[in-house]
Structures are given as structure tokens and as C-alpha cells.
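Raw model00.txt, compact mmCIF, C-alpha atoms and all ligand atoms:
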# COMPACT_ATOMS: atom_id res chain seq x y z
CA MET G 1279 0.00 0.00 0.00
CA SER G 1280 1.44 3.39 -0.85
CA GLY G 1281 -1.01 5.68 0.99
CA VAL G 1282 -3.39 8.48 0.29
CA LYS G 1283 -2.28 11.42 -1.88
CA ILE G 1284 -3.55 14.98 -2.06
CA LEU G 1285 -4.75 16.14 -5.48
CA ARG G 1286 -6.35 19.51 -4.80
CA LEU G 1287 -6.44 22.03 -1.99
CA ARG G 1288 -8.32 25.23 -1.41
CA THR G 1289 -8.23 27.33 1.73
CA GLU G 1290 -10.05 30.42 2.95
CA ASN G 1291 -8.56 32.72 5.58
CA PHE G 1292 -5.48 30.52 6.05
CA ARG G 1293 -2.56 32.92 6.71
CA ASN G 1294 -1.67 34.73 3.45
CA LEU G 1295 -3.00 32.00 1.11
CA ALA G 1296 -5.47 33.19 -1.52
CA PRO G 1297 -8.74 31.21 -1.83
CA GLU G 1298 -7.62 29.57 -5.04
CA MET G 1299 -7.35 25.92 -6.05
CA VAL G 1300 -3.87 24.43 -5.90
CA GLU G 1301 -3.48 21.16 -7.77
CA PHE G 1302 -0.93 18.45 -6.97
CA ILE G 1303 0.22 15.25 -8.62
CA PRO G 1304 0.78 11.97 -6.73
CA GLY G 1305 4.56 12.25 -7.39
CA ILE G 1306 6.86 15.23 -6.80
CA ASN G 1307 5.43 18.73 -6.46
CA CYS G 1308 7.91 21.64 -6.41
CA ILE G 1309 6.78 24.90 -4.87
CA PHE G 1310 8.81 27.92 -5.95
CA GLY G 1311 8.73 31.63 -5.19
CA PRO G 1312 10.69 34.37 -3.44
CA ASN G 1313 10.84 34.68 0.35
CA GLY G 1314 7.61 35.44 2.19
CA ASN G 1315 5.22 34.43 -0.58
CA GLY G 1316 3.37 31.52 1.06
CA LYS G 1317 5.37 28.37 0.18
CA THR G 1318 5.69 27.17 3.79
CA ASN G 1319 2.11 28.31 4.49
CA LEU G 1320 0.95 25.96 1.74
CA LEU G 1321 2.81 23.04 3.38
CA GLU G 1322 1.32 24.06 6.72
CA ALA G 1323 -2.21 23.99 5.28
CA VAL G 1324 -1.66 20.43 3.96
CA TYR G 1325 -0.16 19.40 7.31
CA TYR G 1326 -3.09 20.92 9.20
CA LEU G 1327 -5.59 19.14 7.01
CA THR G 1328 -3.89 15.77 7.48
CA ASN G 1329 -2.68 16.00 11.10
CA ARG G 1330 -5.20 18.49 12.55
CA LYS G 1331 -2.50 20.71 13.97
CA SER G 1332 0.31 22.95 12.77
CA PHE G 1333 3.91 21.82 12.59
CA ARG G 1334 4.91 25.11 14.19
CA LYS G 1335 5.16 25.19 17.97
CA ASN G 1336 2.44 27.01 19.91
CA THR G 1337 0.51 27.70 16.74
CA GLY G 1338 -3.22 27.36 16.67
CA PHE G 1339 -6.30 28.99 15.24
CA PRO G 1340 -5.42 32.63 16.13
CA GLN G 1341 -2.05 32.47 14.35
CA LEU G 1342 -3.40 30.57 11.33
CA LEU G 1343 -6.36 32.89 10.72
CA SER G 1344 -5.59 35.48 8.07
CA ILE G 1345 -5.04 38.90 9.57
CA GLU G 1346 -7.02 40.25 6.64
CA GLY G 1347 -9.86 37.69 6.82
CA ALA G 1348 -13.37 39.09 7.00
CA GLN G 1349 -14.76 35.93 8.71
CA PRO G 1350 -13.34 34.51 11.97
CA GLU G 1351 -13.14 31.00 10.53
CA LEU G 1352 -10.70 28.91 8.50
CA LEU G 1353 -12.03 26.77 5.68
CA LEU G 1354 -10.00 23.95 4.16
CA SER G 1355 -11.13 21.63 1.40
CA ALA G 1356 -9.21 19.00 -0.48
CA ALA G 1357 -9.51 16.02 -2.80
CA PHE G 1358 -7.46 12.91 -2.12
CA GLN G 1359 -6.56 9.89 -4.18
CA GLY G 1360 -7.12 6.82 -1.96
CA GLU G 1361 -6.16 3.22 -2.67
CA GLN G 1362 -9.29 2.67 -4.74
CA ASP G 1363 -11.32 5.87 -4.76
CA LEU G 1364 -11.22 9.61 -4.68
CA HIS G 1365 -12.24 11.30 -1.43
CA SER G 1366 -13.12 14.81 -0.47
CA LEU G 1367 -12.22 16.18 2.92
CA SER G 1368 -13.19 19.58 4.27
CA GLY G 1369 -12.95 21.36 7.55
CA LYS G 1370 -14.32 24.46 9.23
CA ILE G 1371 -12.20 25.70 12.11
CA GLN G 1372 -13.34 28.39 14.49
CA ALA G 1373 -11.98 29.68 17.78
CA GLU G 1374 -13.89 27.14 19.88
CA SER G 1375 -14.77 24.34 17.48
CA GLU G 1376 -13.73 22.26 14.49
CA GLU G 1377 -15.95 20.38 12.09
CA TRP G 1378 -14.71 17.92 9.47
CA TRP G 1379 -16.50 16.22 6.60
CA LEU G 1380 -15.35 13.22 4.61
CA ASP G 1381 -17.13 12.76 1.28
CA ASN G 1382 -19.65 15.38 2.44
CA ARG G 1383 -20.60 13.46 5.61
CA PRO G 1384 -19.43 14.26 9.15
CA GLU G 1385 -16.08 12.49 9.25
CA LYS G 1386 -16.24 9.22 11.16
CA PRO G 1387 -14.06 7.23 11.09
CA ARG G 1388 -11.14 9.41 10.14
CA LEU G 1389 -9.55 9.07 6.72
CA GLN G 1390 -6.25 7.26 7.27
CA ILE G 1391 -3.98 10.01 6.12
CA GLU G 1392 -1.00 11.73 7.64
CA SER G 1393 1.89 13.88 6.58
CA VAL G 1394 5.43 14.29 7.84
CA PHE G 1395 7.14 17.67 7.82
CA VAL G 1396 10.83 17.66 6.94
CA ASN G 1397 12.16 20.93 8.32
CA PRO G 1398 15.94 21.37 7.91
CA PHE G 1399 15.94 24.33 10.32
CA ASP G 1400 15.03 21.94 13.15
CA SER G 1401 18.49 20.37 12.77
CA TYR G 1402 20.03 23.11 14.93
CA SER G 1403 17.42 22.80 17.70
CA PHE G 1404 17.65 19.01 17.57
CA HIS G 1405 21.40 19.16 18.02
CA THR G 1406 21.40 21.77 20.78
CA SER G 1407 18.31 21.29 22.92
CA ALA G 1408 17.43 18.24 25.02
CA SER G 1409 13.85 19.43 25.49
CA PHE G 1410 13.48 19.79 21.70
CA ARG G 1411 14.76 16.19 21.24
CA ARG G 1412 12.31 14.92 23.86
CA GLN G 1413 9.41 16.65 22.16
CA TRP G 1414 10.60 15.42 18.77
CA LEU G 1415 10.72 11.87 20.09
CA ASP G 1416 7.30 12.04 21.74
CA SER G 1417 5.52 13.62 18.79
CA HIS G 1418 7.09 11.23 16.26
CA LEU G 1419 6.51 8.07 18.34
CA GLY G 1420 2.98 9.28 19.01
CA GLN G 1421 2.41 9.43 15.26
CA LEU G 1422 3.52 5.80 14.91
CA ASP G 1423 1.93 4.32 17.98
CA SER G 1424 -1.45 5.48 19.28
CA GLU G 1425 -1.02 3.49 22.52
CA TYR G 1426 2.22 5.40 23.18
CA LYS G 1427 0.35 8.68 22.66
CA THR G 1428 -2.43 7.70 25.08
CA MET G 1429 0.00 6.48 27.77
CA LEU G 1430 2.15 9.60 27.36
CA SER G 1431 -0.80 11.89 27.95
CA ARG G 1432 -1.76 9.84 31.07
CA PHE G 1433 1.81 10.07 32.28
CA GLN G 1434 1.88 13.85 31.78
CA LYS G 1435 -1.37 14.22 33.69
CA SER G 1436 -0.01 12.07 36.55
CA LEU G 1437 3.23 14.06 36.55
CA ARG G 1438 1.32 17.33 36.94
CA PHE G 1439 -0.70 15.86 39.83
CA ARG G 1440 2.46 14.39 41.40
CA ASN G 1441 4.19 17.78 41.25
CA SER G 1442 1.16 19.49 42.76
CA LEU G 1443 1.31 17.06 45.72
CA LEU G 1444 5.05 17.65 46.13
CA ALA G 1445 4.48 21.42 46.05
CA GLN G 1446 2.07 21.11 49.03
CA GLY G 1447 4.90 19.67 51.13
CA PRO G 1448 5.12 16.43 53.15
CA ASN G 1449 2.25 15.54 55.48
CA SER G 1450 0.47 12.28 56.18
CA GLN G 1451 -2.15 12.96 53.49
CA THR G 1452 0.18 14.03 50.65
CA LYS G 1453 2.53 11.11 51.44
CA LEU G 1454 -0.35 8.63 51.22
CA GLN G 1455 -1.65 10.16 48.00
CA LEU G 1456 1.84 10.12 46.50
CA MET G 1457 2.31 6.45 47.33
CA ALA G 1458 -1.07 5.57 45.76
CA LEU G 1459 -0.30 7.62 42.65
CA ASP G 1460 3.18 6.16 42.22
CA GLU G 1461 1.97 2.63 41.52
CA ASN G 1462 0.41 3.76 38.27
CA PHE G 1463 3.10 6.40 37.66
CA ALA G 1464 5.77 3.67 37.81
CA GLU G 1465 3.80 1.45 35.45
CA LEU G 1466 3.41 4.26 32.93
CA SER G 1467 7.14 5.06 33.26
CA ALA G 1468 8.14 1.44 32.59
CA PHE G 1469 5.81 1.27 29.58
CA LEU G 1470 7.10 4.52 28.02
CA THR G 1471 10.75 3.57 28.56
CA HIS G 1472 10.21 0.18 26.96
CA LYS G 1473 8.42 1.72 23.96
CA ARG G 1474 11.03 4.44 23.47
CA LEU G 1475 13.83 1.87 23.48
CA GLU G 1476 11.94 -0.38 21.11
CA TRP G 1477 11.16 2.40 18.58
CA LEU G 1478 14.60 3.98 18.74
CA ASN G 1479 16.20 0.59 18.04
CA LYS G 1480 13.99 0.22 15.00
CA LEU G 1481 14.75 3.78 13.86
CA THR G 1482 18.48 3.06 14.15
CA GLU G 1483 18.06 0.07 11.81
CA PHE G 1484 16.76 2.46 9.14
CA VAL G 1485 18.97 5.49 9.67
CA THR G 1486 22.43 4.31 8.52
CA PRO G 1487 21.14 2.75 5.26
CA THR G 1488 19.11 5.93 4.62
CA PHE G 1489 22.20 8.10 5.20
CA ARG G 1490 24.09 5.95 2.72
CA GLU G 1491 21.28 5.94 0.20
CA ILE G 1492 20.66 9.68 0.22
CA PHE G 1493 24.07 11.18 0.82
CA ALA G 1494 26.37 8.32 -0.24
CA GLU G 1495 27.91 8.52 3.27
CA THR G 1496 29.35 5.36 4.78
CA HIS G 1497 29.30 6.63 8.37
CA GLU G 1498 27.30 4.82 11.02
CA LEU G 1499 24.45 6.78 12.59
CA ARG G 1500 22.81 5.68 15.80
CA ILE G 1501 20.09 7.18 17.94
CA ASP G 1502 19.99 6.03 21.52
CA LEU G 1503 17.94 6.73 24.62
CA ASP G 1504 19.65 8.26 27.63
CA THR G 1505 17.42 7.04 30.44
CA LYS G 1506 17.72 6.15 34.09
CA PHE G 1507 15.15 3.37 33.83
CA ARG G 1508 16.69 1.17 31.09
CA GLY G 1509 15.76 -2.43 31.90
CA TRP G 1510 13.84 -1.48 35.07
CA ASP G 1511 10.40 -2.91 35.75
CA ALA G 1512 7.53 -0.97 37.37
CA LYS G 1513 8.34 -2.40 40.83
CA ARG G 1514 11.90 -1.12 40.73
CA ILE G 1515 10.76 2.30 39.48
CA PHE G 1516 8.18 2.45 42.31
CA GLU G 1517 10.94 1.69 44.83
CA HIS G 1518 13.13 4.38 43.28
CA TYR G 1519 10.35 6.93 43.88
CA ARG G 1520 10.06 5.81 47.52
CA LEU G 1521 13.79 6.39 47.97
CA THR G 1522 13.73 9.83 46.31
CA GLU G 1523 10.47 10.99 47.93
CA GLY G 1524 12.23 13.11 50.57
CA ASP G 1525 14.37 14.92 47.98
CA ASP G 1526 11.37 15.45 45.74
CA PHE G 1527 9.37 17.01 48.60
CA GLU G 1528 12.32 19.27 49.28
CA SER G 1529 12.70 20.40 45.66
CA ARG G 1530 8.86 20.40 45.26
CA HIS G 1531 8.93 18.56 41.97
CA THR G 1532 9.68 15.13 40.43
CA SER G 1533 13.42 15.34 39.90
CA SER G 1534 13.94 12.10 37.97
CA GLY G 1535 11.98 10.06 35.50
CA VAL G 1536 11.06 9.58 31.87
CA HIS G 1537 10.27 13.31 31.54
CA ARG G 1538 14.04 13.81 31.88
CA ASP G 1539 15.03 11.23 29.22
CA ASP G 1540 17.10 12.38 26.28
CA CYS G 1541 17.84 10.83 22.92
CA MET G 1542 21.45 11.04 21.83
CA PHE G 1543 22.50 11.09 18.22
CA PHE G 1544 25.83 9.40 17.41
CA PHE G 1545 27.92 9.75 14.26
CA ASP G 1546 30.47 6.91 14.10
CA GLY G 1547 30.01 6.54 17.86
CA LEU G 1548 30.68 10.23 18.57
CA ASN G 1549 28.11 12.78 19.72
CA SER G 1550 27.01 14.34 16.46
CA PHE G 1551 26.63 17.86 17.87
CA GLU G 1552 30.18 17.93 19.25
CA PHE G 1553 31.79 16.19 16.28
CA CYS G 1554 29.97 17.03 13.04
CA SER G 1555 30.18 20.01 10.71
CA LEU G 1556 26.96 21.94 10.12
CA GLY G 1557 26.47 20.21 6.75
CA GLN G 1558 27.04 16.79 8.35
CA GLN G 1559 24.59 17.64 11.15
CA LYS G 1560 22.00 18.61 8.59
CA MET G 1561 22.57 15.49 6.49
CA SER G 1562 22.37 13.32 9.61
CA PHE G 1563 19.18 15.02 10.74
CA LEU G 1564 17.58 14.73 7.29
CA SER G 1565 18.55 11.04 7.21
CA LEU G 1566 16.85 10.62 10.58
CA LEU G 1567 13.65 12.20 9.21
CA PHE G 1568 13.66 10.04 6.09
CA ALA G 1569 14.42 6.97 8.25
CA PHE G 1570 11.35 7.94 10.32
CA ILE G 1571 9.29 7.98 7.09
CA GLU G 1572 10.48 4.42 6.34
CA LEU G 1573 9.68 3.40 9.91
CA PHE G 1574 6.24 4.95 9.49
CA ARG G 1575 5.62 2.73 6.48
CA TYR G 1576 7.02 -0.32 8.29
CA LYS G 1577 4.57 0.24 11.16
CA LEU G 1578 1.46 1.54 9.38
CA SER G 1579 1.89 -0.08 5.94
CA PHE G 1580 1.42 3.19 4.09
CA TYR G 1581 3.58 6.20 3.43
CA PRO G 1582 2.67 9.63 4.78
CA ILE G 1583 2.63 12.65 2.45
CA VAL G 1584 6.13 14.11 2.71
CA LEU G 1585 6.37 17.91 3.08
CA ILE G 1586 9.91 19.21 2.65
CA ASP G 1587 10.68 22.84 3.43
CA ASP G 1588 13.70 24.43 1.79
CA VAL G 1589 16.60 21.96 2.31
CA SER G 1590 19.09 23.72 0.05
CA GLY G 1591 21.10 25.63 2.69
CA GLU G 1592 24.41 24.07 3.84
CA LEU G 1593 24.17 21.17 1.41
CA ASP G 1594 26.44 21.20 -1.65
CA GLY G 1595 25.27 20.67 -5.24
CA GLN G 1596 26.11 16.97 -5.26
CA ARG G 1597 24.04 16.42 -2.10
CA TRP G 1598 21.09 18.22 -3.75
CA LYS G 1599 21.37 15.83 -6.70
CA ASN G 1600 21.55 12.77 -4.40
CA LEU G 1601 18.51 13.90 -2.44
CA ILE G 1602 16.50 14.53 -5.61
CA GLN G 1603 17.48 11.11 -6.95
CA TYR G 1604 16.37 9.52 -3.66
CA LEU G 1605 12.99 11.29 -3.83
CA CYS G 1606 12.51 10.20 -7.44
CA GLN G 1607 12.95 6.53 -6.48
CA LYS G 1608 10.35 6.66 -3.69
CA SER G 1609 6.65 6.07 -4.09
CA PHE G 1610 5.56 8.64 -1.51
CA GLN G 1611 4.05 11.96 -2.55
CA VAL G 1612 6.40 14.92 -2.07
CA LEU G 1613 5.71 18.63 -1.75
CA ILE G 1614 9.07 20.43 -1.69
CA THR G 1615 9.68 24.19 -1.49
CA THR G 1616 12.63 26.39 -2.31
CA ALA G 1617 13.44 30.08 -2.68
CA ASN G 1618 16.95 29.19 -3.90
CA GLU G 1619 17.31 29.75 -7.66
CA ASN G 1620 20.08 27.17 -8.12
CA PHE G 1621 18.21 24.47 -6.22
CA ARG G 1622 15.14 25.37 -8.27
CA LEU G 1623 17.12 24.66 -11.45
CA GLU G 1624 18.01 21.19 -10.08
CA LEU G 1625 14.39 20.49 -9.12
CA GLU G 1626 13.24 21.63 -12.56
CA LYS G 1627 15.21 18.75 -14.08
CA ILE G 1628 12.95 16.15 -12.41
CA PRO G 1629 10.93 14.53 -15.20
CA HIS G 1630 7.14 14.75 -14.72
CA ALA G 1631 7.35 16.87 -11.56
CA ARG G 1632 4.69 19.52 -11.02
CA ARG G 1633 5.79 23.14 -10.58
CA ILE G 1634 3.80 25.61 -8.55
CA PHE G 1635 4.95 29.24 -8.38
CA MET G 1636 3.67 31.20 -5.38
CA GLU G 1637 3.35 34.97 -5.35
CA HIS G 1638 1.67 36.85 -2.48
CA GLY G 1639 -0.03 33.61 -1.37
CA ARG G 1640 -1.38 32.91 -4.84
CA PRO G 1641 -0.39 30.04 -7.16
CA VAL G 1642 0.42 32.25 -10.17
CA SER G 1643 1.42 29.39 -12.43
CA GLN G 1644 1.02 25.64 -12.09
CA GLY G 1645 1.90 22.80 -14.37
N1 LIG G 1701 -2.08 34.96 9.92
C1 LIG G 1701 -1.56 35.52 8.81
N2 LIG G 1701 -2.32 36.28 8.00
C2 LIG G 1701 -1.82 36.83 6.88
N3 LIG G 1701 -0.56 36.67 6.48
C3 LIG G 1701 0.26 35.92 7.23
C4 LIG G 1701 -0.20 35.29 8.44
N4 LIG G 1701 0.82 34.62 8.98
C5 LIG G 1701 1.88 34.80 8.16
N5 LIG G 1701 1.55 35.58 7.10
C6 LIG G 1701 2.40 36.02 5.99
O1 LIG G 1701 2.88 34.87 5.30
C7 LIG G 1701 4.14 35.20 4.74
C8 LIG G 1701 5.13 34.07 5.02
O2 LIG G 1701 4.76 33.01 4.26
P1 LIG G 1701 5.70 31.75 4.17
O3 LIG G 1701 6.35 31.48 5.47
O4 LIG G 1701 4.86 30.69 3.59
O5 LIG G 1701 6.78 32.28 3.12
P2 LIG G 1701 7.76 31.42 2.22
O6 LIG G 1701 7.32 31.60 0.81
O7 LIG G 1701 7.87 30.06 2.74
O8 LIG G 1701 9.10 32.22 2.43
P3 LIG G 1701 10.61 31.71 2.66
O9 LIG G 1701 11.17 31.43 1.32
O10 LIG G 1701 11.25 32.92 3.27
O11 LIG G 1701 10.59 30.56 3.58
C9 LIG G 1701 4.66 36.45 5.38
O12 LIG G 1701 4.63 37.46 4.39
C10 LIG G 1701 3.66 36.73 6.47
O13 LIG G 1701 3.43 38.09 6.62
MG MG G 1702 9.33 29.10 3.85
As C-alpha cells - that is how I would like this structure written.
Amino acid sequence: MSGVKILRLRTENFRNLAPEMVEFIPGINCIFGPNGNGKTNLLEAVYYLTNRKSFRKNTGFPQLLSIEGAQPELLLSAAFQGEQDLHSLSGKIQAESEEWWLDNRPEKPRLQIESVFVNPFDSYSFHTSASFRRQWLDSHLGQLDSEYKTMLSRFQKSLRFRNSLLAQGPNSQTKLQLMALDENFAELSAFLTHKRLEWLNKLTEFVTPTFREIFAETHELRIDLDTKFRGWDAKRIFEHYRLTEGDDFESRHTSSGVHRDDCMFFFDGLNSFEFCSLGQQKMSFLSLLFAFIELFRYKLSFYPIVLIDDVSGELDGQRWKNLIQYLCQKSFQVLITTANENFRLELEKIPHARRIFMEHGRPVSQG
């Protein structure tokens, strides 16, 4: 199965996008145009339609609504090519509510469709910020594994409650409540640790071959979990929380646990942030994202729609060619943007690719 593909999209009041039809092909779609003309906004609209949220942090309805829009609502409508049939999907998003229709009926169950956003600018944050890596890990594993997502949200709720008990200070009641809460908290912690290790192992299996395939690099890439609870069962984690209870009451928060895990990225066994050049960091990060796309297919049996925002910076011309060749061999649908004229010339060489030129949020030429 190769997954659902977007064929047409029209938005109203979505950032600076004009309410005009944009048409896509199931293969490679190149989106060109100078800076600030709506290329990334177009990717964001497709992402929103397929994942029901933005890929930008802390971005919701108020940021997405056009500052010039007359109506306080976003409208999105699209046509998709499914395995057998065509489908229409539309949504009306307002400040307090969202409504979605599949083939003109209230959408239930959801159309099995998702997209992955390949953002090269995230490479820097990924390499420098542990909290960014944690969020990256949680959101990507959540996309693969709905049980992981559910357990993670339970864990986060328990963590908030646990911290509120710790903030009240030690007394017979808070100590009893903490002990009762920790049984489940330890179980959730053991589950999440096990899942993270399992998925990161799988991701590692894909990442070195992907690095080789895209960038012709023979280096070994590995992504590993830095966790206190590796190999611990729920009982041992529960005991750990009994031992650290006094310290936690003193600091008024949960000082250790899966919320402090990190995922380390190794390049030939060396920490990639300390060792790699900027170009190598970017290639490694892009390989990780494309490895995730392969893992996605391995788990869900279909490819997501792949949205690639301008990857040209820091990569040399040969790497551009390799990446384009890799995309041409794959059966997933690609929407790729660039403002770089030289990269545009490379993308223009792709046989049968669609070209969409954006100007002031409008697709001025398509074909
Ligand atoms: N809510 C909004 N309403 C109207 N316009 C918006 C809104 N949010 C952002 N914009 C406009 O969208 C434009 C940015 O669009 P976008 O990020 O898609 O550009 P781009 O073509 O990807 O540029 P670049 O090549 O620099 O990445 C800016 O001009 C900005 O003013
Ligand atoms: Mg952009």
C-alpha cells in the first residue's frame, strides 16, 4: 500500500494564502517563489488538514487565521486519491470548534492520512536542545503508535498531579496520596521507557542505510535513549520513587523520570553535535527524518505525504542531486519548497514533476 495522496487544496482565511485551487500530482510537487510568498504556508495547510494541527510550535487557530480575513473561521477543502477511490475532505475551524466532513458526511471514522514535515531548520534545535529532542521523540513516536500517545498523555497528567502534591509539602495525606499515585506512575514510566527503546532501536536500523542511500555517506548513525530506567520494571521504578520521595518534597517537583530522558545522536560513535560540521549535522538530521518515514511505512503499511521545506542551505550541489534522486525513487508523494534559484534549477530537471509558483499567497502558475 502506498497511501493516500492529495490532489487539490483550497483554503479560505489561512494565513496569506489566496482562496484559489492548488493542484498536486501523486509524485513530486515543487513549490517555488521568493521569500515570504506563502510556500511554507501551503505546506502548513496540507499538514493541518492531514494532522489536525500545525507543525509550528504554539501555533493554533489565532495564528493561522488570516489577519485580513473578514470571517473569523478557516475553511479547508481538499480532494485525495485513496487506494481505490477519490475522497473529499473539508474542515471548518473556528476559535472554539472544528468540524470535518469526509465525502460530504461528518467524518467518522477518520480518513487514514498523515503527513510528515521535513524541516531542515530543526536540525540546529535538535542538536542543541534536550527538550526539543524529547518533544521530537514524543511527537514522532505518538504518530507511529497510538497506545504510546495515550499512555504519554496519562503520564503527563499524573506528573502534573504528582508535582502538585510535592508542592504542598510532606504531610500524612500528601505522602499517602503520592504512594497511591506512584503505583500507576511507575507502570506508565516502565511502559514509556520500553516503547522508546523499542522504537529507537527500530529507527536506528533504518537510519544508517538511509544516510548511505541519500548522501552516499558510509558513516554509522545511531540514535539512543539516555534514560535512568533502562531495563527497570515498574516495581523497581516504584521503589526508586520511595527512595527519592524526601528529595522530591524538598525540591517540590519530580526530579527524575522519563520526563528527563534524552535521545542522543551518534555519528560513528561520537556525539554528532560535538563532532559534526553543520552540513554533516544537517545530512544526519535529514537522514533521521527520512528513516522515520520508512519506519512509518514499516509500522502503518502506508507512506505519509512528505512535506519538505527548503533543504538547500548548507548542502552542496552533489548532495542536492543525491537527495533529488532519492525522492525520485520513492513512491511517496512529495511537496518540496525552495526560494533558492540554483536548487530550483536542479528540481526543474525532475521529469514529470509539477511546478507551482507562489506569489503573495497565490499560485500564479502551475503545471
Ligand atoms: N495569519 C496571517 N495572516 C496573513 N498573512 C500571514 C499570516 N501569517 C503569516 N503571514 C504572511 O505569510 C508570509 C510568510 O509566508 P511563508 O512562510 O509561507 O513564506 P515562504 O514563501 O515560505 O518564504 P521563505 O522562502 O522565506 O521561507 C509572510 O509574508 C507573512 O506576513
Ligand atoms: Mg518558507
Closest atom pairs, chain G residues within 8 Å of ligand MG 1702 (chain G), only C-alpha atoms and all ligand atoms, as CSV:
residue,atom,partner,partner_atom,distance
G:Asn1313,CA,G:MG1702,MG,6.8
G:Gly1314,CA,G:MG1702,MG,6.8
G:Gly1316,CA,G:MG1702,MG,7.0
G:Lys1317,CA,G:MG1702,MG,5.4
G:Thr1318,CA,G:MG1702,MG,4.1
G:Asn1319,CA,G:MG1702,MG,7.3
G:Asp1587,CA,G:MG1702,MG,6.4
G:Asp1588,CA,G:MG1702,MG,6.7
G:Thr1615,CA,G:MG1702,MG,7.3
G:Thr1616,CA,G:MG1702,MG,7.5
G:Ala1617,CA,G:MG1702,MG,7.8
Region 1508-1514 of chain G environment, 6 Å, all atoms listed in the file, sequence neighbours closer than 5 positions dropped, as number ranges by chain: G: 1464-1465, 1468
Just checking: using all atoms listed in the file, which residue out of G:Gln1390, G:Thr1496, G:Asn1382, G:Thr1505 ends up closest to His1472 (chain G)? G:Thr1505
Write out as CSV the residues of chain G that have any atom within 9 Å of an atom of ligand LIG 1701 (chain G), one row each with the nearest atom pair and its distance in Å to one decimal, counting all atoms listed in the file, sorted by chain and then rising number.
residue,atom,partner,partner_atom,distance
G:Asn1291,CA,G:LIG1701,N2,7.6
G:Phe1292,CA,G:LIG1701,N1,6.8
G:Arg1293,CA,G:LIG1701,C1,3.5
G:Asn1294,CA,G:LIG1701,N3,3.8
G:Leu1295,CA,G:LIG1701,N3,7.5
G:Ile1309,CA,G:LIG1701,O6,8.8
G:Phe1310,CA,G:LIG1701,O6,7.8
G:Gly1311,CA,G:LIG1701,O6,6.2
G:Pro1312,CA,G:LIG1701,O9,5.6
G:Asn1313,CA,G:LIG1701,O9,3.4
G:Gly1314,CA,G:LIG1701,O5,3.4
G:Asn1315,CA,G:LIG1701,O6,3.8
G:Gly1316,CA,G:LIG1701,O4,3.1
G:Lys1317,CA,G:LIG1701,O6,3.8
G:Thr1318,CA,G:LIG1701,O4,3.6
G:Asn1319,CA,G:LIG1701,O4,3.7
G:Leu1320,CA,G:LIG1701,O4,6.4
G:Leu1321,CA,G:LIG1701,O4,7.9
G:Glu1322,CA,G:LIG1701,O4,8.1
G:Pro1340,CA,G:LIG1701,N1,7.4
G:Gln1341,CA,G:LIG1701,N1,5.1
G:Leu1342,CA,G:LIG1701,N1,4.8
G:Leu1343,CA,G:LIG1701,N1,4.8
G:Ser1344,CA,G:LIG1701,N2,3.4
G:Ile1345,CA,G:LIG1701,N2,4.1
G:Glu1346,CA,G:LIG1701,C2,6.2
G:Gly1347,CA,G:LIG1701,N2,7.8
G:Asp1587,CA,G:LIG1701,O11,7.7
G:Asp1588,CA,G:LIG1701,O11,7.1
G:Thr1615,CA,G:LIG1701,O7,7.5
G:Thr1616,CA,G:LIG1701,O9,6.4
G:Ala1617,CA,G:LIG1701,O9,4.8
G:Asn1618,CA,G:LIG1701,O9,8.1
G:Met1636,CA,G:LIG1701,O6,7.2
G:Glu1637,CA,G:LIG1701,O6,8.1
G:His1638,CA,G:LIG1701,O12,7.5
G:Gly1639,CA,G:LIG1701,O1,7.4
If I take CA of Pro1582 (chain G) and CA of Gly1281 (chain G), how far is one from the other in Å, to one decimal?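 Separation between CA of Pro1582 (chain G) and CA of Gly1281 (chain G): 6.6 Å.
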Interatomic distance between CA of Arg1440 (chain G) and CA of Leu1459 (chain G)? 7.4 Å
Using only C-alpha atoms, which of the listed residues (G:Gly1645, G:Pro1350, G:Gly1369, G:Gly1447) sits closest to Arg1288 (chain G)? G:Gly1369
Can you sort out region 1298-1310 of chain G so it carries N, CA and C atoms, written as an mmCIF file, keeping the file's coordinate frame?
data_model
loop_
_atom_site.group_PDB
_atom_site.id
_atom_site.type_symbol
_atom_site.label_atom_id
_atom_site.label_comp_id
_atom_site.auth_asym_id
_atom_site.auth_seq_id
_atom_site.Cartn_x
_atom_site.Cartn_y
_atom_site.Cartn_z
ATOM 1 N N GLU G 1298 -7.687 30.105 -3.676
ATOM 2 C CA GLU G 1298 -7.620 29.570 -5.040
ATOM 3 C C GLU G 1298 -7.206 28.107 -5.003
ATOM 4 N N MET G 1299 -7.651 27.354 -6.003
ATOM 5 C CA MET G 1299 -7.350 25.920 -6.050
ATOM 6 C C MET G 1299 -5.873 25.684 -6.377
ATOM 7 N N VAL G 1300 -5.228 24.860 -5.570
ATOM 8 C CA VAL G 1300 -3.870 24.430 -5.900
ATOM 9 C C VAL G 1300 -3.975 22.946 -6.241
ATOM 10 N N GLU G 1301 -3.380 22.568 -7.354
ATOM 11 C CA GLU G 1301 -3.480 21.160 -7.770
ATOM 12 C C GLU G 1301 -2.128 20.478 -7.627
ATOM 13 N N PHE G 1302 -2.166 19.218 -7.182
ATOM 14 C CA PHE G 1302 -0.930 18.450 -6.970
ATOM 15 C C PHE G 1302 -0.994 17.169 -7.790
ATOM 16 N N ILE G 1303 0.184 16.585 -8.011
ATOM 17 C CA ILE G 1303 0.220 15.250 -8.620
ATOM 18 C C ILE G 1303 0.651 14.250 -7.550
ATOM 19 N N PRO G 1304 0.400 12.958 -7.749
ATOM 20 C CA PRO G 1304 0.780 11.970 -6.730
ATOM 21 C C PRO G 1304 2.305 11.849 -6.543
ATOM 22 N N GLY G 1305 3.093 12.359 -7.492
ATOM 23 C CA GLY G 1305 4.560 12.250 -7.390
ATOM 24 C C GLY G 1305 5.192 13.444 -6.697
ATOM 25 N N ILE G 1306 6.105 14.125 -7.416
ATOM 26 C CA ILE G 1306 6.860 15.230 -6.800
ATOM 27 C C ILE G 1306 6.286 16.574 -7.223
ATOM 28 N N ASN G 1307 5.981 17.403 -6.228
ATOM 29 C CA ASN G 1307 5.430 18.730 -6.460
ATOM 30 C C ASN G 1307 6.419 19.758 -5.927
ATOM 31 N N CYS G 1308 6.909 20.647 -6.817
ATOM 32 C CA CYS G 1308 7.910 21.640 -6.410
ATOM 33 C C CYS G 1308 7.216 22.981 -6.261
ATOM 34 N N ILE G 1309 7.442 23.614 -5.126
ATOM 35 C CA ILE G 1309 6.780 24.900 -4.870
ATOM 36 C C ILE G 1309 7.850 25.980 -4.842
ATOM 37 N N PHE G 1310 7.787 26.898 -5.790
ATOM 38 C CA PHE G 1310 8.810 27.920 -5.950
ATOM 39 C C PHE G 1310 8.251 29.297 -5.607
#
